[in-house]
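Structure file coords28.cif with mmCIF, C-alpha atoms:
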```cif
data_my_file
loop_
_atom_site.label_atom_id
_atom_site.label_comp_id
_atom_site.auth_asym_id
_atom_site.auth_seq_id
_atom_site.Cartn_x
_atom_site.Cartn_y
_atom_site.Cartn_z
CA MET S 347 -34.79 5.78 -14.56
CA ILE S 348 -33.60 5.25 -11.01
CA GLN S 349 -30.23 5.89 -9.40
CA ILE S 350 -28.80 3.55 -6.81
CA HIS S 351 -25.72 4.49 -4.75
CA LEU S 352 -23.67 1.48 -3.73
CA LEU S 353 -20.42 1.01 -1.84
CA LEU S 354 -18.58 -1.39 -4.11
CA PHE S 355 -15.70 -3.55 -2.89
CA PRO S 356 -13.74 -5.01 -5.84
CA PHE S 357 -12.89 -8.48 -4.56
CA HIS S 358 -13.86 -7.28 -1.08
CA ILE S 359 -10.63 -5.38 -0.55
CA THR S 360 -10.41 -1.94 -2.16
CA PRO S 361 -13.57 0.12 -1.75
CA LEU S 362 -14.89 2.73 -4.15
CA VAL S 363 -18.29 4.34 -4.16
CA TYR S 364 -20.03 4.18 -7.52
CA LYS S 365 -23.30 5.52 -8.84
CA TYR S 366 -25.30 3.07 -10.93
CA THR S 367 -27.98 4.44 -13.26
CA LEU S 368 -30.46 1.71 -14.17
CA PRO S 369 -33.40 2.06 -16.58
CA LEU S 370 -36.58 0.20 -15.58
CA PRO S 371 -37.63 -2.11 -17.18
CA PRO S 372 -35.81 -3.80 -18.96
CA PHE S 373 -32.09 -3.29 -18.15
CA PRO S 374 -30.27 -2.88 -21.48
CA TYR S 375 -27.27 -1.09 -20.01
CA ILE S 376 -25.55 0.06 -16.85
CA SER S 377 -23.72 3.38 -16.73
CA ILE S 378 -21.19 3.96 -13.96
CA LYS S 379 -19.98 7.26 -12.49
CA TRP S 380 -17.33 7.60 -9.82
CA VAL S 381 -18.62 9.27 -6.69
CA SER S 382 -15.74 8.31 -4.33
CA VAL S 383 -15.54 8.63 -0.57
CA PHE S 384 -12.68 11.11 -1.05
CA PRO S 385 -12.80 14.68 -2.30
CA LYS S 386 -12.99 14.64 -6.09
CA PRO S 387 -9.45 14.38 -7.54
CA ALA S 388 -8.16 17.36 -9.47
CA LYS S 389 -7.86 16.99 -13.23
CA LEU S 390 -4.40 16.33 -14.62
CA SER S 391 -2.66 19.46 -15.78
CA ALA S 392 -1.40 20.17 -19.26
CA CYS S 393 2.18 19.70 -18.05
CA ASN S 394 1.31 16.01 -17.59
CA ARG S 395 2.13 15.56 -13.92
CA VAL S 396 0.93 11.98 -14.19
CA SER S 397 3.06 9.89 -16.51
CA LEU S 398 2.93 6.27 -17.49
CA ASP S 399 5.86 3.88 -17.40
CA LYS S 400 6.24 0.67 -19.34
CA LYS S 401 5.43 -2.67 -17.82
CA MET S 402 8.18 -4.07 -15.62
CA SER S 403 8.88 -7.64 -14.60
CA TYR S 404 10.86 -9.22 -11.81
CA SER S 405 12.00 -12.83 -11.67
CA HIS S 406 12.41 -14.23 -8.18
CA GLN S 407 14.50 -17.36 -7.62
CA SER S 408 14.22 -19.60 -4.59
CA MET S 409 16.61 -22.42 -3.70
CA GLY S 410 15.36 -25.54 -1.98
CA SER S 411 17.14 -28.69 -0.93
CA GLY S 412 18.44 -30.01 -4.21
CA SER S 413 15.78 -28.21 -6.25
CA ARG S 414 15.38 -24.83 -7.90
CA SER S 415 12.18 -23.01 -8.73
CA VAL S 416 11.72 -19.78 -10.65
CA ARG S 417 8.54 -17.72 -10.70
CA SER S 418 8.17 -14.66 -12.91
CA HIS S 419 5.98 -11.75 -11.87
CA GLU S 420 4.74 -9.43 -14.61
CA PHE S 421 3.92 -6.11 -13.01
CA GLY S 422 1.39 -3.81 -14.60
CA ARG S 423 1.51 -0.11 -15.43
CA THR S 424 3.17 2.38 -13.12
CA TYR S 425 1.69 5.86 -12.76
CA VAL S 426 3.79 8.79 -11.52
CA VAL S 427 2.34 11.94 -9.96
CA ARG S 428 4.96 14.68 -10.31
CA PRO S 429 5.51 17.14 -7.44
CA LYS S 430 3.94 20.55 -7.96
CA GLY S 431 6.64 22.24 -5.86
CA LYS S 432 10.22 21.47 -4.87
CA HIS S 433 10.90 17.73 -5.00
CA GLN S 434 11.75 16.79 -1.41
CA ALA S 435 10.41 13.25 -1.09
CA THR S 436 9.24 10.28 -3.16
CA MET S 437 6.60 7.84 -1.93
CA VAL S 438 5.60 4.58 -3.60
CA TRP S 439 1.87 4.02 -2.97
CA LEU S 440 0.45 0.49 -3.24
CA HIS S 441 -3.18 -0.33 -4.03
CA GLY S 442 -5.31 -3.06 -2.50
CA LEU S 443 -6.27 -6.46 -3.90
CA GLY S 444 -7.98 -6.24 -7.30
CA ASP S 445 -7.19 -2.56 -7.84
CA ASN S 446 -4.52 -0.75 -9.92
CA GLY S 447 -2.09 2.16 -9.77
CA SER S 448 -4.34 4.48 -11.76
CA SER S 449 -6.95 4.87 -9.01
CA SER S 450 -4.20 5.52 -6.45
CA SER S 451 -2.67 8.25 -8.60
CA GLN S 452 -6.01 10.05 -8.92
CA LEU S 453 -6.44 10.20 -5.14
CA LEU S 454 -2.84 11.25 -4.45
CA GLU S 455 -3.00 13.99 -7.08
CA SER S 456 -5.61 15.73 -4.90
CA LEU S 457 -3.65 15.68 -1.63
CA PRO S 458 -2.03 18.93 -0.40
CA LEU S 459 1.49 17.53 -0.55
CA PRO S 460 3.17 19.53 -3.36
CA ASN S 461 6.70 18.41 -2.48
CA ILE S 462 6.10 14.66 -2.84
CA LYS S 463 6.50 12.64 -6.00
CA TRP S 464 4.13 9.67 -5.95
CA ILE S 465 4.92 6.40 -7.73
CA CYS S 466 1.86 4.17 -8.12
CA PRO S 467 2.67 0.72 -9.54
CA THR S 468 0.16 -1.96 -10.46
CA ALA S 469 0.50 -5.43 -8.97
CA PRO S 470 0.79 -8.56 -11.13
CA SER S 471 -2.35 -10.50 -11.96
CA ARG S 472 -2.18 -13.90 -10.25
CA PRO S 473 -4.43 -16.57 -8.78
CA VAL S 474 -5.38 -15.66 -5.21
CA SER S 475 -6.17 -18.38 -2.70
CA ILE S 476 -8.65 -16.33 -0.66
CA LEU S 477 -10.68 -15.91 -3.88
CA GLY S 478 -10.64 -19.64 -4.62
CA GLY S 479 -7.81 -19.28 -7.12
CA PHE S 480 -9.52 -16.54 -9.13
CA PRO S 481 -6.86 -14.33 -10.77
CA CYS S 482 -6.68 -10.60 -10.02
CA THR S 483 -4.05 -7.98 -9.29
CA ALA S 484 -2.29 -8.92 -6.05
CA TRP S 485 1.10 -8.13 -4.52
CA CYS S 486 1.31 -11.66 -3.12
CA ASP S 487 -0.91 -14.64 -2.53
CA VAL S 488 -3.09 -14.64 0.58
CA GLY S 489 -5.17 -17.50 1.90
CA GLU S 490 -6.71 -16.01 5.01
CA ILE S 491 -5.96 -13.14 7.32
CA SER S 492 -5.63 -14.82 10.69
CA GLU S 493 -3.11 -15.65 13.41
CA ASP S 494 -2.42 -18.93 11.63
CA GLY S 495 -2.46 -17.56 8.08
CA HIS S 496 0.31 -18.51 5.67
CA ASP S 497 2.67 -15.77 4.45
CA ASP S 498 3.67 -15.95 0.79
CA PHE S 499 7.29 -14.85 1.31
CA GLU S 500 8.21 -15.48 -2.32
CA GLY S 501 5.48 -13.09 -3.46
CA LEU S 502 6.28 -10.63 -0.67
CA ASP S 503 9.95 -10.55 -1.65
CA ALA S 504 9.15 -10.16 -5.35
CA SER S 505 6.90 -7.15 -4.72
CA ALA S 506 9.26 -5.59 -2.16
CA ALA S 507 12.13 -5.90 -4.66
CA HIS S 508 10.07 -4.35 -7.44
CA ILE S 509 9.22 -1.39 -5.20
CA ALA S 510 12.84 -0.99 -4.10
CA ASN S 511 13.82 -0.94 -7.77
CA LEU S 512 11.34 1.89 -8.42
CA LEU S 513 12.98 3.92 -5.63
CA SER S 514 16.59 3.08 -6.52
CA THR S 515 16.96 5.87 -9.10
CA GLU S 516 15.67 8.71 -6.91
CA PRO S 517 18.14 11.56 -6.19
CA ALA S 518 20.31 11.13 -3.09
CA ASP S 519 18.91 14.27 -1.43
CA VAL S 520 15.29 13.07 -1.78
CA LYS S 521 13.75 11.14 1.12
CA VAL S 522 11.92 7.97 0.12
CA GLY S 523 9.10 5.96 1.64
CA ILE S 524 6.33 3.45 0.97
CA GLY S 525 2.63 3.46 1.79
CA GLY S 526 -0.46 1.55 0.86
CA PHE S 527 -3.99 0.42 1.57
CA SER S 528 -5.00 -3.10 2.70
CA MET S 529 -2.71 -5.59 0.92
CA GLY S 530 -0.71 -2.63 -0.35
CA GLY S 531 -0.21 -1.52 3.24
CA ALA S 532 0.88 -5.04 4.17
CA ILE S 533 3.61 -4.88 1.51
CA ALA S 534 4.66 -1.44 2.82
CA LEU S 535 4.97 -2.82 6.36
CA TYR S 536 6.84 -5.88 5.11
CA SER S 537 9.25 -3.56 3.27
CA ALA S 538 9.78 -1.70 6.55
CA THR S 539 10.89 -4.93 8.22
CA CYS S 540 13.21 -5.70 5.27
CA CYS S 541 14.70 -2.22 5.63
CA ALA S 542 15.33 -2.74 9.35
CA LEU S 543 16.80 -6.22 8.86
CA GLY S 544 18.84 -5.09 5.86
CA ARG S 545 17.63 -8.05 3.83
CA TYR S 546 14.62 -9.65 2.18
CA GLY S 547 13.11 -12.84 3.53
CA SER S 548 15.27 -14.72 1.01
CA GLY S 549 18.43 -13.29 2.59
CA HIS S 550 19.33 -10.99 -0.31
CA PRO S 551 20.37 -7.44 0.77
CA TYR S 552 17.65 -4.78 0.93
CA PRO S 553 19.08 -1.67 -0.77
CA ILE S 554 16.79 1.22 0.23
CA ASN S 555 16.93 3.50 3.29
CA LEU S 556 13.25 4.16 3.95
CA ARG S 557 12.31 7.35 5.80
CA ALA S 558 8.54 6.85 6.21
CA VAL S 559 6.08 3.95 5.96
CA VAL S 560 2.27 4.15 5.90
CA GLY S 561 -0.17 1.26 6.29
CA LEU S 562 -3.93 1.88 6.04
CA SER S 563 -6.36 -0.91 7.01
CA SER S 564 -3.57 -3.44 6.67
CA TRP S 565 -1.60 -6.12 8.52
CA LEU S 566 2.03 -7.09 9.14
CA PRO S 567 3.28 -10.21 7.32
CA GLY S 568 5.86 -12.26 9.21
CA TRP S 569 4.96 -10.74 12.59
CA ARG S 570 5.53 -13.97 14.54
CA SER S 571 9.32 -14.09 14.04
CA LEU S 572 10.03 -10.37 13.68
CA LYS S 573 11.08 -9.68 17.28
CA SER S 574 13.62 -12.51 17.40
CA LYS S 575 15.12 -11.48 14.04
CA ILE S 576 15.52 -7.83 15.07
CA GLU S 577 17.05 -8.75 18.45
CA CYS S 578 19.79 -10.78 16.74
CA SER S 579 21.36 -7.70 15.16
CA TYR S 580 22.42 -4.38 16.69
CA GLU S 581 22.20 -2.67 13.29
CA ALA S 582 18.72 -4.06 12.71
CA ALA S 583 17.59 -2.80 16.11
CA ARG S 584 19.07 0.64 15.38
CA ARG S 585 17.33 0.89 12.01
CA ALA S 586 14.03 -0.32 13.45
CA ALA S 587 14.14 2.29 16.23
CA SER S 588 14.67 5.15 13.77
CA LEU S 589 12.07 4.27 11.11
CA PRO S 590 8.79 6.27 11.35
CA ILE S 591 5.69 4.16 10.66
CA ILE S 592 2.00 5.05 10.88
CA LEU S 593 -0.79 2.48 10.88
CA THR S 594 -4.47 3.46 10.74
CA HIS S 595 -7.41 1.09 11.07
CA GLY S 596 -11.18 1.29 11.36
CA THR S 597 -12.82 -0.43 14.32
CA SER S 598 -15.62 -1.71 12.06
CA ASP S 599 -13.36 -3.17 9.36
CA ASP S 600 -14.94 -6.50 8.37
CA VAL S 601 -12.35 -7.37 5.69
CA VAL S 602 -9.10 -6.94 7.61
CA PRO S 603 -10.46 -7.01 11.17
CA TYR S 604 -9.38 -4.26 13.52
CA ARG S 605 -7.59 -6.66 15.86
CA PHE S 606 -5.03 -7.46 13.13
CA GLY S 607 -4.14 -3.82 12.72
CA GLU S 608 -3.80 -3.53 16.49
CA LYS S 609 -1.78 -6.75 16.68
CA SER S 610 0.51 -5.55 13.86
CA ALA S 611 1.22 -2.29 15.68
CA HIS S 612 1.94 -4.22 18.88
CA ALA S 613 4.30 -6.60 17.05
CA LEU S 614 6.23 -3.66 15.58
CA SER S 615 6.49 -2.00 18.98
CA MET S 616 7.68 -5.20 20.68
CA ALA S 617 10.29 -5.66 17.93
CA GLY S 618 11.78 -2.24 18.66
CA PHE S 619 10.07 0.00 16.09
CA ARG S 620 9.85 2.87 18.58
CA GLN S 621 8.40 5.35 16.10
CA ALA S 622 5.48 3.15 15.06
CA LEU S 623 2.19 5.02 15.58
CA PHE S 624 -1.24 3.33 15.60
CA LYS S 625 -4.36 5.43 14.93
CA PRO S 626 -7.78 3.77 15.36
CA TYR S 627 -10.90 5.23 13.71
CA GLU S 628 -14.15 4.49 15.50
CA GLY S 629 -16.85 3.03 13.25
CA LEU S 630 -14.71 3.09 10.09
CA GLY S 631 -14.97 0.08 7.78
CA HIS S 632 -12.55 -1.15 5.13
CA TYR S 633 -12.14 2.16 3.35
CA THR S 634 -10.55 5.55 3.92
CA VAL S 635 -12.14 8.88 4.77
CA PRO S 636 -10.90 12.50 4.48
CA LYS S 637 -10.18 12.73 8.23
CA GLU S 638 -7.84 9.76 7.98
CA MET S 639 -6.08 11.12 4.90
CA ASP S 640 -5.67 14.50 6.62
CA GLU S 641 -3.89 12.67 9.44
CA VAL S 642 -1.57 10.98 6.93
CA VAL S 643 -0.85 14.30 5.19
CA HIS S 644 0.09 15.95 8.49
CA TRP S 645 2.20 12.97 9.56
CA LEU S 646 4.13 12.83 6.27
CA THR S 647 4.69 16.58 6.25
CA THR S 648 6.17 16.43 9.75
CA ARG S 649 8.15 13.20 9.49
CA LEU S 650 9.66 14.01 6.10
CA GLY S 651 10.37 17.62 7.04
CA LEU S 652 8.49 18.96 4.05
CA ASP S 653 8.02 22.66 3.38
CA GLY S 654 5.08 23.87 5.44
CA SER S 655 5.72 21.54 8.39
CA ARG S 656 6.81 24.49 10.56
#
```
What's the structure tokens form of this structure?
Amino acid sequence: MIQIHLLLFPFHITPLVYKYTLPLPPFPYISIKWVSVFPKPAKLSACNRVSLDKKMSYSHQSMGSGSRSVRSHEFGRTYVVRPKGKHQATMVWLHGLGDNGSSSSQLLESLPLPNIKWICPTAPSRPVSILGGFPCTAWCDVGEISEDGHDDFEGLDASAAHIANLLSTEPADVKVGIGGFSMGGAIALYSATCCALGRYGSGHPYPINLRAVVGLSSWLPGWRSLKSKIECSYEAARRAASLPIILTHGTSDDVVPYRFGEKSAHALSMAGFRQALFKPYEGLGHYTVPKEMDEVVHWLTTRLGLDGSR
């Protein structure tokens, strides 16, 4: 028997470290154990802090010139990590391409943030252009991540609306926010722009007052026109200036190249998001490390005014 440690990227987006145990020869089976680049998540307690919601769907309608198209998005399971202390904030956390809400909930359960409730939805399964049309869980379609890449605003709006719906029932005294990794971070950043503009890309009103947004190894959809849209509205400029955002990115990221994280932060700053913070990590690839998560924990604790921030 031999053991081989591999860094596995499901669909090249969301990394997990697995241990493969292979018998030699022949190879009648493969057993997989999670090793993870993070500290090992704590087991779920008997009080069932992680609960499972039913599948939810959202139908998005778009109106063209003389035509009408309707696309239905069937979202997967949503996992909820209950706060261990006083409930002061709720964060929706979004996974990367090809992943699901379960893996996110396991990581978040282990973070020292006892006053945050985490909602971890699962994206719909859909054909993805960058994978040659192969279907997998994705918050929107993506062809290529480049300056000239096409933004799937219908998919972006559908996911942003689903997330807003998840936050709509939170108590009025609880601060709410959105975070995510890779494509999940892109949806979080897109939601931040919808919050500032007060509307989705379709023009429908955006109903949630976000208090914190986190994007790890991600990019900003719609960055080209953001500045001009924000400048057209005093209220949009005011909301943009007051919304705390943190972006982190590894300089050795070969999936979402570092320059797109840097460009996204610059676009937010130029559009008037004065509280947008960009944190580079030298030598980091397309994955997260404890140092980065510690930075996020500290930032959330401070920005959301959680117990222990003073």
TODO: Find the residue from S:Lys637, S:His550, S:Gly479, S:Ala558 that sits nearest to Ala435 in chain S; use only C-alpha atoms when measuring.
DONE: S:Ala558
Open item on the list: Evaluated on this file, the PyMOL selection byres ((chain S and resi 643-647) around 12) picks out some residues - which ones are they, written as a count of residues only?
Closed with: 47
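From CA of Leu502 in chain S back to CA of Arg570 in chain S, the distance works out to 15.6 Å.
Considering the residues S:His595, S:Arg423, S:Lys573, S:His632 and counting all atoms listed in the file, Ala613 in chain S has its shortest atom-to-atom contact with S:Lys573.
The two atoms in question, CA of Lys463 in chain S and CA of Leu512 in chain S, are spaced 12.0 Å apart.
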TODO: Select, from S:Pro517, S:Gly631, S:Val601, S:Trp569, the residue with the minimum atom-to-atom distance to Leu614 in chain S, counting all atoms listed in the file.
DONE: S:Trp569
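CA of Thr515 in chain S sits 26.7 Å away from CA of Pro567 in chain S.
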- [ ] Show which residues sit within 9 Å of range 506-510 of chain S, as an MDAnalysis selection string. Count only C-alpha atoms, and ignore same-chain residues fewer than 5 positions away.
- [x] chainID S and resid 402:404 421 438 467 485 501 524 533:534 536:537 540 546 552:554
TODO: Rank S:Arg620, S:Arg472, S:Arg545, S:Arg428 by their smallest atom-to-atom distance to Asp487 in chain S, using only C-alpha atoms, and report the top residue only.
DONE: S:Arg472
Task: Within 7 Å of file point (14.9, 19.5, -2.6), counting all atoms listed in the file, expressed as an NGL selection string - done: :S and (432-434 or 519-520)
- [ ] Report as a PyMOL selection string the residues that result from applying the PyMOL selection byres ((chain S and resi 482) around 10) to the structure here.
- [x] chain S and resi 356-357+443-445+469-474+477+479-481+483-485
Open item on the list: Is it possible to get the residues within 10 Å of (-2.7, 0.1, 1.3) (coordinates as in the file, counting all atoms listed in the file) written as a PyMOL selection string?
Closed with: chain S and resi 359-360+439-443+450+524-535+560-565+633-634
TODO: For each of S:Gly431, S:Gly495, S:Gly547, S:Gly618, take the minimum atom-to-atom distance to Ile576 in chain S, counting only C-alpha atoms, then give the residue where this is smallest.
DONE: S:Gly618
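The residues returned by the PyMOL selection byres ((chain S and resi 488) around 7) on the shown structure are Val474, Ser475, Ile476, Cys486, Asp487, Gly489, Glu490 and Asp498 of chain S.
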Same residues, C-alpha atoms, output as a PDB file, in the coordinates of the input:
```pdb
ATOM      1  CA  VAL S 474      -5.380 -15.660  -5.210  1.00  0.00           C
ATOM      2  CA  SER S 475      -6.170 -18.380  -2.700  1.00  0.00           C
ATOM      3  CA  ILE S 476      -8.650 -16.330  -0.660  1.00  0.00           C
ATOM      4  CA  CYS S 486       1.310 -11.660  -3.120  1.00  0.00           C
ATOM      5  CA  ASP S 487      -0.910 -14.640  -2.530  1.00  0.00           C
ATOM      6  CA  GLY S 489      -5.170 -17.500   1.900  1.00  0.00           C
ATOM      7  CA  GLU S 490      -6.710 -16.010   5.010  1.00  0.00           C
ATOM      8  CA  ASP S 498       3.670 -15.950   0.790  1.00  0.00           C
TER       9      ASP S 498
END
```
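Among the candidate residues S:His612, S:Tyr627, S:Leu543, S:Phe619, the one lying nearest to Cys578 in chain S is S:Leu543, with distances computed using only C-alpha atoms.
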